[in-house]
Amino acid sequence: MGHDHGAPSAASGASAATSSAASGTLSGTYRKRLLWTIGISASITLIQVVGALLSGSLALLADAAHSLTDAVGVSLALGAITLAQRAPTPRRTFGFYRVEIFSAVLNALLLAAIFVWVLWSAVRRFSEPVEVKGGLMFVVAVGGLVANLVGLWLLKDAKDKSLNLRGAYLEVLGDALGSVAVIVGGLVILFTGWQAADPIASIVIGLLIVPRTYGLLRDALHVLMEATPQDMDLAEVRRHLLAEPGVVDVHDLHGWTVTSGMPVLTAHVVVREAVLDGGYGALLTRLQACVGDHFDVAHSTIQLEPEGHSEAAASLHR
């Protein structure tokens with residue numbers, strides 16, 4: 001599970017890394033799928049821009065802008081994944097894993113900017129109406145929906161394994177829903193001639209962006225603030241550690257996330273003197289196995305302390 005860091009007479013530390021941390025981030029396994037998604041999003045963008053110019057549809061142009069953010073966002077994700085594979089250095093001991101989270105934040109900000117632009121353009125279109133060719137608008141939107149469904153299929157297995165890949169998946173999902181809105185708008189214009197359906201479809205596309213932008217930004221900031229992982233119950237971790245024979249107390253217990261799929265935990269574990277006198281290796285192994293097997297912790301550092309050590313250390317800092 002890990003290696004010892006220190007002598008029993010002082011403080012004993014241990015660190016453990018799971019196979020996902022050793023081989024790189026979870027996102028790295030989906031690099032080829034991200035490349036395909038980028039190609040699909042870029043193709044959709046080009047087709048939708050041409051279709052928007054020929055049909056006069058703001059909804060198609062809004063969806064094209066959304067597709068462009070898909071391509072840019074997934075490209076950022078791919079770049080972050082590439083950086084995250086670089087080896088750690090003495091100055092960056094966790095390597096570049098955190099770049100993936102910054103990429104997720106940037107994705108969310110791009111989506112927010114698109115929402116503001118779409119809303120502003122739609123409001124203007126109500127006061128300055130433009131004749132839209134509903135048939136062409138419909139055909140292009142159907143093509144975009146099919147391409148987005150392919151992109152969703154490529155990323156469906158990845159969305160629950162990495163915040164970065166979740167951002168990419170949500171981008172494509174939102175674009176697919178946007179294509180549905182454009183299809184409906186095109187059909188309304190085609191059969192009724194009601195031109196207001198186009199800016200309304202644009203507003204729908206903008207509103208689809210809001211909840212996933214908020215969710216992605218919230219989760220990314222949760223990681224950047226080094227908050228406890230949502231699926232890690234520190235009270236339960238403490239209970240498991242205290243259940244090990246020889247453990248008296250657990251303090252300075254902290255859990256956070258370096259990047260998606262790489263939770264980290266540190267703890268000071270107070271043990272009986274007899275345990276340290278008899279050798280601490282077996283206990284350390286059990287504690288590491290506990291946090292690794294029960295809580296899927298990617299990297300743990302456990303400091304073993306004899307009884308009374310905490311009070312003695314505290315007196316030194318008064």
# chains A, B, ... in the order shown; residues from 1 in each chain; ligands from 1
>>> residues_around(residues="A:Val291", least_positions_apart="4", cutoff="10 Å", atoms="only C-alpha atoms", output="PDB file with C-alpha atoms, in the first residue's frame")
ATOM      1  CA  ALA A  16      -0.221   5.153  -0.452  1.00  0.00           C
ATOM      2  CA  VAL A 237     -12.977   7.186   8.468  1.00  0.00           C
ATOM      3  CA  ARG A 238     -12.237   8.071  12.091  1.00  0.00           C
ATOM      4  CA  HIS A 240     -12.632   2.699  11.126  1.00  0.00           C
ATOM      5  CA  LEU A 241      -9.202   3.878  12.283  1.00  0.00           C
ATOM      6  CA  LEU A 265      -6.172  11.808   3.319  1.00  0.00           C
ATOM      7  CA  ARG A 286      -3.476  -2.233   8.525  1.00  0.00           C
ATOM      8  CA  LEU A 287      -4.297   1.468   8.741  1.00  0.00           C
ATOM      9  CA  PHE A 295     -12.624   4.571   1.241  1.00  0.00           C
ATOM     10  CA  ASP A 296     -10.700   4.207  -2.049  1.00  0.00           C
ATOM     11  CA  VAL A 297      -8.174   6.863  -1.009  1.00  0.00           C
ATOM     12  CA  ALA A 298      -5.593   7.476  -3.718  1.00  0.00           C
ATOM     13  CA  HIS A 299      -2.911   8.856  -1.398  1.00  0.00           C
ATOM     14  CA  SER A 300      -2.787   8.609   2.390  1.00  0.00           C
TER      15      SER A 300
END
>>> select_by_dssp(residues="stretch 201-237 of chain A", states="helix (DSSP H, G or I)", output="list in words")
Ala201, Ser202, Ile203, Val204, Ile205, Gly206, Leu207, Leu208, Ile209, Val210, Pro211, Arg212, Thr213, Tyr214, Gly215, Leu216, Leu217, Arg218, Asp219, Ala220, Leu221, His222, Val223, Leu224, Leu234, Ala235, Glu236 and Val237 of chain A
>>> residues_around(residues="A:Ser103", least_positions_apart="6", cutoff="9 Å", atoms="only C-alpha atoms", output="PyMOL selection string")
chain A and resi 73+76-77+79-80+164
>>> residues_around(residues="stretch 193-202 of chain A", least_positions_apart="5", cutoff="7 Å", atoms="only C-alpha atoms", output="list in words")
Ser57, Leu58, Ala59, Ala62, Val118, Ala122, Arg125, Phe126, Glu131, Val132, Ala181, Val182, Gly185 and Val188 of chain A
>>> write_last_selection(atoms="all heavy atoms", output="tab-separated table (two decimals), in the first residue's frame")
chain	number	residue	atom	x	y	z
A	57	SER	N	-31.01	32.21	-39.16
A	57	SER	CA	-31.45	31.74	-37.85
A	57	SER	C	-30.47	32.12	-36.74
A	57	SER	O	-29.31	31.73	-36.78
A	57	SER	CB	-31.64	30.23	-37.88
A	57	SER	OG	-31.86	29.73	-36.58
A	58	LEU	N	-30.96	32.86	-35.75
A	58	LEU	CA	-30.15	33.16	-34.56
A	58	LEU	C	-29.98	31.91	-33.71
A	58	LEU	O	-28.92	31.70	-33.11
A	58	LEU	CB	-30.82	34.26	-33.74
A	58	LEU	CG	-30.16	34.59	-32.40
A	58	LEU	CD1	-28.74	35.11	-32.61
A	58	LEU	CD2	-30.99	35.60	-31.61
A	59	ALA	N	-31.02	31.08	-33.67
A	59	ALA	CA	-30.94	29.85	-32.87
A	59	ALA	C	-29.82	28.95	-33.38
A	59	ALA	O	-29.08	28.36	-32.59
A	59	ALA	CB	-32.27	29.11	-32.91
A	62	ALA	N	-26.60	30.54	-32.34
A	62	ALA	CA	-26.37	30.31	-30.90
A	62	ALA	C	-25.90	28.89	-30.66
A	62	ALA	O	-24.99	28.64	-29.86
A	62	ALA	CB	-27.65	30.58	-30.13
A	118	VAL	N	-26.08	34.91	-25.98
A	118	VAL	CA	-27.31	34.39	-26.59
A	118	VAL	C	-28.53	35.18	-26.10
A	118	VAL	O	-29.40	35.57	-26.90
A	118	VAL	CB	-27.48	32.89	-26.26
A	118	VAL	CG1	-28.88	32.42	-26.62
A	118	VAL	CG2	-26.45	32.07	-27.01
A	122	ALA	N	-30.91	37.46	-28.54
A	122	ALA	CA	-32.32	37.08	-28.69
A	122	ALA	C	-33.24	38.26	-28.39
A	122	ALA	O	-34.22	38.49	-29.11
A	122	ALA	CB	-32.65	35.91	-27.78
A	125	ARG	N	-33.27	40.49	-31.28
A	125	ARG	CA	-34.00	39.93	-32.43
A	125	ARG	C	-35.51	40.18	-32.33
A	125	ARG	O	-36.18	40.30	-33.36
A	125	ARG	CB	-33.70	38.44	-32.53
A	125	ARG	CG	-34.30	37.73	-33.72
A	125	ARG	CD	-33.75	38.24	-35.05
A	125	ARG	NE	-32.36	37.93	-35.28
A	125	ARG	CZ	-31.94	36.86	-35.95
A	125	ARG	NH1	-32.82	35.99	-36.42
A	125	ARG	NH2	-30.64	36.69	-36.15
A	126	PHE	N	-36.03	40.28	-31.09
A	126	PHE	CA	-37.46	40.58	-30.94
A	126	PHE	C	-37.79	41.97	-31.46
A	126	PHE	O	-38.85	42.19	-32.05
A	126	PHE	CB	-37.88	40.47	-29.47
A	126	PHE	CG	-38.07	39.06	-29.00
A	126	PHE	CD1	-37.28	38.54	-28.00
A	126	PHE	CD2	-39.04	38.24	-29.58
A	126	PHE	CE1	-37.46	37.23	-27.57
A	126	PHE	CE2	-39.22	36.93	-29.16
A	126	PHE	CZ	-38.42	36.42	-28.14
A	131	GLU	N	-36.18	37.58	-41.20
A	131	GLU	CA	-36.88	36.45	-41.80
A	131	GLU	C	-35.99	35.22	-41.81
A	131	GLU	O	-34.84	35.26	-42.26
A	131	GLU	CB	-37.30	36.78	-43.23
A	131	GLU	CG	-38.14	35.68	-43.86
A	131	GLU	CD	-38.63	36.05	-45.25
A	131	GLU	OE1	-38.46	37.22	-45.64
A	131	GLU	OE2	-39.19	35.17	-45.93
A	132	VAL	N	-36.49	34.13	-41.27
A	132	VAL	CA	-35.71	32.90	-41.12
A	132	VAL	C	-36.29	31.81	-42.02
A	132	VAL	O	-37.51	31.63	-42.11
A	132	VAL	CB	-35.74	32.42	-39.65
A	132	VAL	CG1	-34.97	31.12	-39.50
A	132	VAL	CG2	-35.16	33.50	-38.74
A	181	ALA	N	-34.02	22.11	-29.54
A	181	ALA	CA	-34.73	23.40	-29.50
A	181	ALA	C	-34.76	24.04	-30.89
A	181	ALA	O	-35.78	24.60	-31.30
A	181	ALA	CB	-34.07	24.33	-28.49
A	182	VAL	N	-33.66	23.94	-31.61
A	182	VAL	CA	-33.60	24.51	-32.96
A	182	VAL	C	-34.53	23.75	-33.90
A	182	VAL	O	-35.21	24.34	-34.75
A	182	VAL	CB	-32.16	24.48	-33.51
A	182	VAL	CG1	-32.11	25.07	-34.92
A	182	VAL	CG2	-31.23	25.29	-32.60
A	185	GLY	N	-38.02	24.91	-33.21
A	185	GLY	CA	-38.18	26.26	-33.76
A	185	GLY	C	-38.31	26.23	-35.28
A	185	GLY	O	-39.12	26.95	-35.87
A	188	VAL	N	-41.75	25.00	-36.29
A	188	VAL	CA	-42.79	26.02	-36.05
A	188	VAL	C	-42.77	27.06	-37.17
A	188	VAL	O	-43.82	27.44	-37.71
A	188	VAL	CB	-42.57	26.70	-34.68
A	188	VAL	CG1	-43.49	27.92	-34.55
A	188	VAL	CG2	-42.83	25.72	-33.55
>>> closest_residue(among="A:Phe138, A:Trp153, A:Tyr280, A:Phe115", to="A:Ile183", atoms="only C-alpha atoms")
A:Phe138
>>> residues_around(residues="A:Asp219", least_positions_apart="6", cutoff="12 Å", atoms="only C-alpha atoms", output="JSON, numbers by chain")
{"A": [101, 102, 104, 105, 108, 162, 163, 164, 166, 167, 212, 213, 225, 226, 227, 228, 229, 230, 257, 259, 260]}
>>> atom_distance(atom1="atom CA of A:Ser75", atom2="atom CA of A:Thr37")
9.2 Å
>>> decode(residues="stretch 114-129 of chain A", atoms="all heavy atoms", output="short mmCIF file (atom, residue, chain, number, x, y, z; two decimals), in the first residue's frame")
data_model
loop_
_atom_site.label_atom_id
_atom_site.label_comp_id
_atom_site.auth_asym_id
_atom_site.auth_seq_id
_atom_site.Cartn_x
_atom_site.Cartn_y
_atom_site.Cartn_z
N ILE A 114 -21.27 32.45 -23.14
CA ILE A 114 -22.17 32.11 -24.24
C ILE A 114 -23.62 32.42 -23.85
O ILE A 114 -24.40 32.96 -24.66
CB ILE A 114 -22.04 30.63 -24.62
CG1 ILE A 114 -20.68 30.39 -25.29
CG2 ILE A 114 -23.17 30.20 -25.54
CD1 ILE A 114 -20.51 31.12 -26.60
N PHE A 115 -24.00 32.10 -22.62
CA PHE A 115 -25.36 32.37 -22.16
C PHE A 115 -25.68 33.86 -22.25
O PHE A 115 -26.76 34.26 -22.74
CB PHE A 115 -25.54 31.89 -20.72
CG PHE A 115 -26.78 32.42 -20.06
CD1 PHE A 115 -28.03 31.95 -20.43
CD2 PHE A 115 -26.70 33.39 -19.07
CE1 PHE A 115 -29.18 32.44 -19.83
CE2 PHE A 115 -27.84 33.89 -18.47
CZ PHE A 115 -29.09 33.41 -18.85
N VAL A 116 -24.78 34.72 -21.80
CA VAL A 116 -25.02 36.16 -21.82
C VAL A 116 -25.17 36.65 -23.26
O VAL A 116 -26.07 37.43 -23.58
CB VAL A 116 -23.85 36.90 -21.12
CG1 VAL A 116 -23.99 38.41 -21.31
CG2 VAL A 116 -23.82 36.56 -19.64
N TRP A 117 -24.31 36.16 -24.16
CA TRP A 117 -24.37 36.58 -25.56
C TRP A 117 -25.68 36.14 -26.22
O TRP A 117 -26.32 36.91 -26.94
CB TRP A 117 -23.18 36.01 -26.34
CG TRP A 117 -23.24 36.32 -27.81
CD1 TRP A 117 -22.88 37.48 -28.42
CD2 TRP A 117 -23.75 35.46 -28.84
NE1 TRP A 117 -23.12 37.40 -29.77
CE2 TRP A 117 -23.65 36.18 -30.05
CE3 TRP A 117 -24.26 34.16 -28.84
CZ2 TRP A 117 -24.05 35.62 -31.27
CZ3 TRP A 117 -24.67 33.61 -30.05
CH2 TRP A 117 -24.55 34.33 -31.24
N VAL A 118 -26.08 34.91 -25.98
CA VAL A 118 -27.31 34.39 -26.59
C VAL A 118 -28.53 35.18 -26.10
O VAL A 118 -29.40 35.57 -26.90
CB VAL A 118 -27.48 32.89 -26.26
CG1 VAL A 118 -28.88 32.42 -26.62
CG2 VAL A 118 -26.45 32.07 -27.01
N LEU A 119 -28.59 35.45 -24.81
CA LEU A 119 -29.72 36.18 -24.25
C LEU A 119 -29.81 37.58 -24.82
O LEU A 119 -30.88 38.05 -25.23
CB LEU A 119 -29.59 36.24 -22.72
CG LEU A 119 -30.81 36.75 -21.95
CD1 LEU A 119 -32.02 35.84 -22.19
CD2 LEU A 119 -30.51 36.85 -20.47
N TRP A 120 -28.67 38.26 -24.91
CA TRP A 120 -28.63 39.62 -25.45
C TRP A 120 -29.05 39.64 -26.92
O TRP A 120 -29.84 40.49 -27.35
CB TRP A 120 -27.22 40.19 -25.28
CG TRP A 120 -27.04 41.57 -25.85
CD1 TRP A 120 -27.47 42.75 -25.32
CD2 TRP A 120 -26.38 41.90 -27.07
NE1 TRP A 120 -27.12 43.81 -26.13
CE2 TRP A 120 -26.45 43.31 -27.21
CE3 TRP A 120 -25.72 41.15 -28.05
CZ2 TRP A 120 -25.89 43.97 -28.31
CZ3 TRP A 120 -25.17 41.82 -29.15
CH2 TRP A 120 -25.26 43.21 -29.27
N SER A 121 -28.56 38.71 -27.70
CA SER A 121 -28.87 38.65 -29.13
C SER A 121 -30.34 38.32 -29.35
O SER A 121 -30.98 38.86 -30.27
CB SER A 121 -28.00 37.60 -29.82
OG SER A 121 -26.63 37.92 -29.70
N ALA A 122 -30.91 37.46 -28.54
CA ALA A 122 -32.32 37.08 -28.69
C ALA A 122 -33.24 38.26 -28.39
O ALA A 122 -34.22 38.49 -29.11
CB ALA A 122 -32.65 35.91 -27.78
N VAL A 123 -32.92 39.02 -27.35
CA VAL A 123 -33.73 40.18 -27.01
C VAL A 123 -33.70 41.20 -28.15
O VAL A 123 -34.74 41.78 -28.53
CB VAL A 123 -33.23 40.83 -25.70
CG1 VAL A 123 -33.91 42.17 -25.46
CG2 VAL A 123 -33.48 39.89 -24.52
N ARG A 124 -32.53 41.38 -28.75
CA ARG A 124 -32.42 42.30 -29.89
C ARG A 124 -33.24 41.80 -31.08
O ARG A 124 -33.85 42.60 -31.81
CB ARG A 124 -30.96 42.44 -30.31
CG ARG A 124 -30.12 43.32 -29.39
CD ARG A 124 -28.79 43.63 -30.03
NE ARG A 124 -28.95 44.30 -31.32
CZ ARG A 124 -27.96 44.51 -32.18
NH1 ARG A 124 -26.74 44.08 -31.89
NH2 ARG A 124 -28.18 45.13 -33.31
N ARG A 125 -33.27 40.49 -31.28
CA ARG A 125 -34.00 39.93 -32.43
C ARG A 125 -35.51 40.18 -32.33
O ARG A 125 -36.18 40.30 -33.36
CB ARG A 125 -33.70 38.44 -32.53
CG ARG A 125 -34.30 37.73 -33.72
CD ARG A 125 -33.75 38.24 -35.05
NE ARG A 125 -32.36 37.93 -35.28
CZ ARG A 125 -31.94 36.86 -35.95
NH1 ARG A 125 -32.82 35.99 -36.42
NH2 ARG A 125 -30.64 36.69 -36.15
N PHE A 126 -36.03 40.28 -31.09
CA PHE A 126 -37.46 40.58 -30.94
C PHE A 126 -37.79 41.97 -31.46
O PHE A 126 -38.85 42.19 -32.05
CB PHE A 126 -37.88 40.47 -29.47
CG PHE A 126 -38.07 39.06 -29.00
CD1 PHE A 126 -37.28 38.54 -28.00
CD2 PHE A 126 -39.04 38.24 -29.58
CE1 PHE A 126 -37.46 37.23 -27.57
CE2 PHE A 126 -39.22 36.93 -29.16
CZ PHE A 126 -38.42 36.42 -28.14
N SER A 127 -36.88 42.93 -31.23
CA SER A 127 -37.13 44.30 -31.68
C SER A 127 -36.69 44.53 -33.11
O SER A 127 -37.14 45.47 -33.77
CB SER A 127 -36.41 45.30 -30.76
OG SER A 127 -35.00 45.05 -30.75
N GLU A 128 -35.80 43.67 -33.61
CA GLU A 128 -35.31 43.78 -34.99
C GLU A 128 -35.46 42.41 -35.67
O GLU A 128 -34.48 41.69 -35.89
CB GLU A 128 -33.84 44.22 -35.00
CG GLU A 128 -33.60 45.56 -34.32
CD GLU A 128 -32.12 45.89 -34.19
OE1 GLU A 128 -31.30 45.18 -34.81
OE2 GLU A 128 -31.80 46.85 -33.49
N PRO A 129 -36.68 42.01 -35.99
CA PRO A 129 -36.93 40.67 -36.54
C PRO A 129 -36.25 40.44 -37.89
O PRO A 129 -36.08 41.37 -38.68
CB PRO A 129 -38.46 40.62 -36.67
CG PRO A 129 -38.89 42.06 -36.72
CD PRO A 129 -37.92 42.81 -35.89
#
